[in-house]
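**Student:** My questions will all concern the structure given below.
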Amino acid sequence: MVKRIVVGAHYGLKDWLAQRLTAVAMAIYTLLWLAIAGYYGSVDHELWQALFANTAFRVATLLFGLALLWHAWIGMRDIWMDYIKPTALRLTLEMLTVVVLLCYAGWLIDILWGAR
Amino acid sequence: MRHRRSKSMSSVERPVTKPRPVYLNLVRIRLPLPGIVSILHRISGAALFLVGLPLLLAWMQSSLASPESFDAFRAALANPLAKIVLIGLIWAYIHHFCAGMRYLLLDIHQFIELKPARQSSAVVLIASLVLTLIIGVRLW
């Protein structure tokens, strides 16, 4: 085990912790889904819409989406950092990742609260 | 493996800096089980971001829009190719979930000795495959 002294800025501890906390949040939401699936069995369109009409469920889904966005950002950033050595290409891919994730967030909000 | 190492340690006439082969050749590296679980955790995570997220959002949107689009969505899922993609994504989610839980346990110093670490990685690998198989059979 490496004993490191975690001092100074930009050590990555915040990202490391955020990745774990968002993982726990997503795991709880996954268990909520399993509970719903176990309770109702099969799903028709009426039930499906009623589920997403529930504000608490919408908010929980939005929180899951935001946790996923943050979690995916850290994970994809790690992958780009490990395998893409040219700085310009890596920064481009990182920026694209951020843009795509923000677009997905907008799309999710539109699905959840947009006019139907 | 442990046995072999202790044997080589006992040979005194070994030079201090022995030229060792460096296998960065991916075909020659034999990953231990925790290493396999680790790289699959990374691959499944990337797949979930690249394929899973856009598909999930598109499916969510079409399934919520109207009763007709909900039925169209169910009909699209009846396609064997769609089922294979869905089962692949379900495996990716379950494997990423289970391997992630194992990392959370490692973070709080559970199963960190060599043997428990290997056993827990085997549990993750097998459990996610079995769960995927069960869901896959029910889905088909």
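Following the order of the structure tokens, first chain is A, next is B, and so on, with residues numbered from 1 inside each chain and ligands from 1 in the order they appear.
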With only C-alpha atoms considered, list every residue of chain A at most 7 Å from chain B, as a PyMOL selection string.
**Tutor:** chain A and resi 45+49+72+76+108+111+116
**Student:** Print the selection's residues with N, CA and C atoms to a file, as an mmCIF file, in the first residue's frame.
**Tutor:**
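Wrote again-v2.cif, looks like this:
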```cif
data_model
loop_
_atom_site.group_PDB
_atom_site.id
_atom_site.type_symbol
_atom_site.label_atom_id
_atom_site.label_comp_id
_atom_site.auth_asym_id
_atom_site.auth_seq_id
_atom_site.Cartn_x
_atom_site.Cartn_y
_atom_site.Cartn_z
ATOM 1 N N HIS A 45 -48.824 0.752 -20.906
ATOM 2 C CA HIS A 45 -48.548 2.166 -21.130
ATOM 3 C C HIS A 45 -49.164 3.069 -20.063
ATOM 4 N N GLN A 49 -47.031 5.646 -17.820
ATOM 5 C CA GLN A 49 -47.218 7.101 -17.799
ATOM 6 C C GLN A 49 -47.551 7.594 -16.398
ATOM 7 N N ALA A 72 -20.290 9.405 -15.007
ATOM 8 C CA ALA A 72 -19.780 9.076 -16.346
ATOM 9 C C ALA A 72 -18.669 10.038 -16.745
ATOM 10 N N MET A 76 -15.165 8.547 -17.829
ATOM 11 C CA MET A 76 -14.681 8.761 -19.198
ATOM 12 C C MET A 76 -13.404 9.594 -19.182
ATOM 13 N N LEU A 108 -33.032 14.543 -21.004
ATOM 14 C CA LEU A 108 -33.739 13.888 -19.893
ATOM 15 C C LEU A 108 -34.782 14.823 -19.281
ATOM 16 N N ILE A 111 -37.685 15.021 -21.543
ATOM 17 C CA ILE A 111 -38.533 13.817 -21.465
ATOM 18 C C ILE A 111 -39.399 13.863 -20.207
ATOM 19 N N ARG A 116 -46.384 16.878 -23.332
ATOM 20 C CA ARG A 116 -46.657 15.551 -23.873
ATOM 21 C C ARG A 116 -47.949 15.562 -24.661
#
```
**Student:** Could you tell me, as a PyMOL selection string, which residues of chain B DSSP assigns to alpha helix (DSSP H) when given the backbone?
**Tutor:** chain B and resi 2-10+33-47+53-65+67-77+80-107+114-139
**Student:** For Arg58 (chain A), work out the shell of residues within 9 Å, counting only C-alpha atoms and skipping chain neighbours fewer than 5 positions away, then give it as number ranges by chain.
**Tutor:** A: 51-53, 63, 112-113
**Student:** Find the residues around Leu131 (chain B) up to 9 Å (only C-alpha atoms counted), leave out those fewer than 5 positions away in its own chain, and share them as a ChimeraX atom specification.
**Tutor:** /B:91,94,126,136
**Student:** Create the file for the chosen residues now, containing C-alpha atoms and written as a compact mmCIF listing (two decimals), in the first residue's frame.
**Tutor:**
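Result file follows (again-v3.txt):
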```txt
# COMPACT_ATOMS: atom_id res chain seq x y z
CA TRP B 91 -24.90 -7.49 -18.50
CA ILE B 94 -25.09 -5.63 -13.72
CA ILE B 126 -20.14 -15.31 -11.96
CA GLY B 136 -32.06 -12.86 -20.63
```
**Student:** Please identify all polymer residues within 10 Å of Pro32 (chain B), counting only C-alpha atoms, omitting same-chain residues fewer than 6 positions from it, and present them as a ChimeraX atom specification.
**Tutor:** /B:38,118,121
**Student:** If we count only C-alpha atoms and set the cut-off at 12 Å, which residues sit around region 76-79 of chain B, ignoring sequence neighbours fewer than 3 positions away in its own chain? Please answer as a PyMOL selection string.
**Tutor:** chain B and resi 55+59+62-63+69-73+82-87+139-140
**Student:** Keeping only C-alpha atoms, write those residues as a PDB file, in the first residue's frame.
**Tutor:**
```
ATOM      1  CA  LEU B  55     -30.500   4.127 -26.290  1.00  0.00           C
ATOM      2  CA  TRP B  59     -36.390   4.255 -25.469  1.00  0.00           C
ATOM      3  CA  SER B  62     -40.638   6.768 -27.325  1.00  0.00           C
ATOM      4  CA  SER B  63     -42.182   4.594 -24.607  1.00  0.00           C
ATOM      5  CA  SER B  69     -45.377   4.627 -29.631  1.00  0.00           C
ATOM      6  CA  PHE B  70     -45.313   2.473 -26.470  1.00  0.00           C
ATOM      7  CA  ASP B  71     -46.598  -0.480 -28.530  1.00  0.00           C
ATOM      8  CA  ALA B  72     -44.136   0.348 -31.320  1.00  0.00           C
ATOM      9  CA  PHE B  73     -41.371   0.347 -28.705  1.00  0.00           C
ATOM     10  CA  ALA B  82     -32.608  -5.482 -30.238  1.00  0.00           C
ATOM     11  CA  LYS B  83     -32.854  -8.237 -27.630  1.00  0.00           C
ATOM     12  CA  ILE B  84     -29.169  -9.106 -28.008  1.00  0.00           C
ATOM     13  CA  VAL B  85     -28.173  -5.441 -27.626  1.00  0.00           C
ATOM     14  CA  LEU B  86     -30.482  -5.106 -24.606  1.00  0.00           C
ATOM     15  CA  ILE B  87     -29.091  -8.261 -22.954  1.00  0.00           C
ATOM     16  CA  LEU B 139     -36.773 -11.550 -21.703  1.00  0.00           C
ATOM     17  CA  TRP B 140     -36.492 -13.876 -24.696  1.00  0.00           C
TER      18      TRP B 140
END
```
**Student:** My list of candidates is A:Ile36, A:Leu102, A:Leu89, A:Ile74. Which is closest to Asp15 (chain A) when distances are computed with only C-alpha atoms?
**Tutor:**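 Counting only C-alpha atoms, the residue closest to Asp15 (chain A) is A:Ile74.
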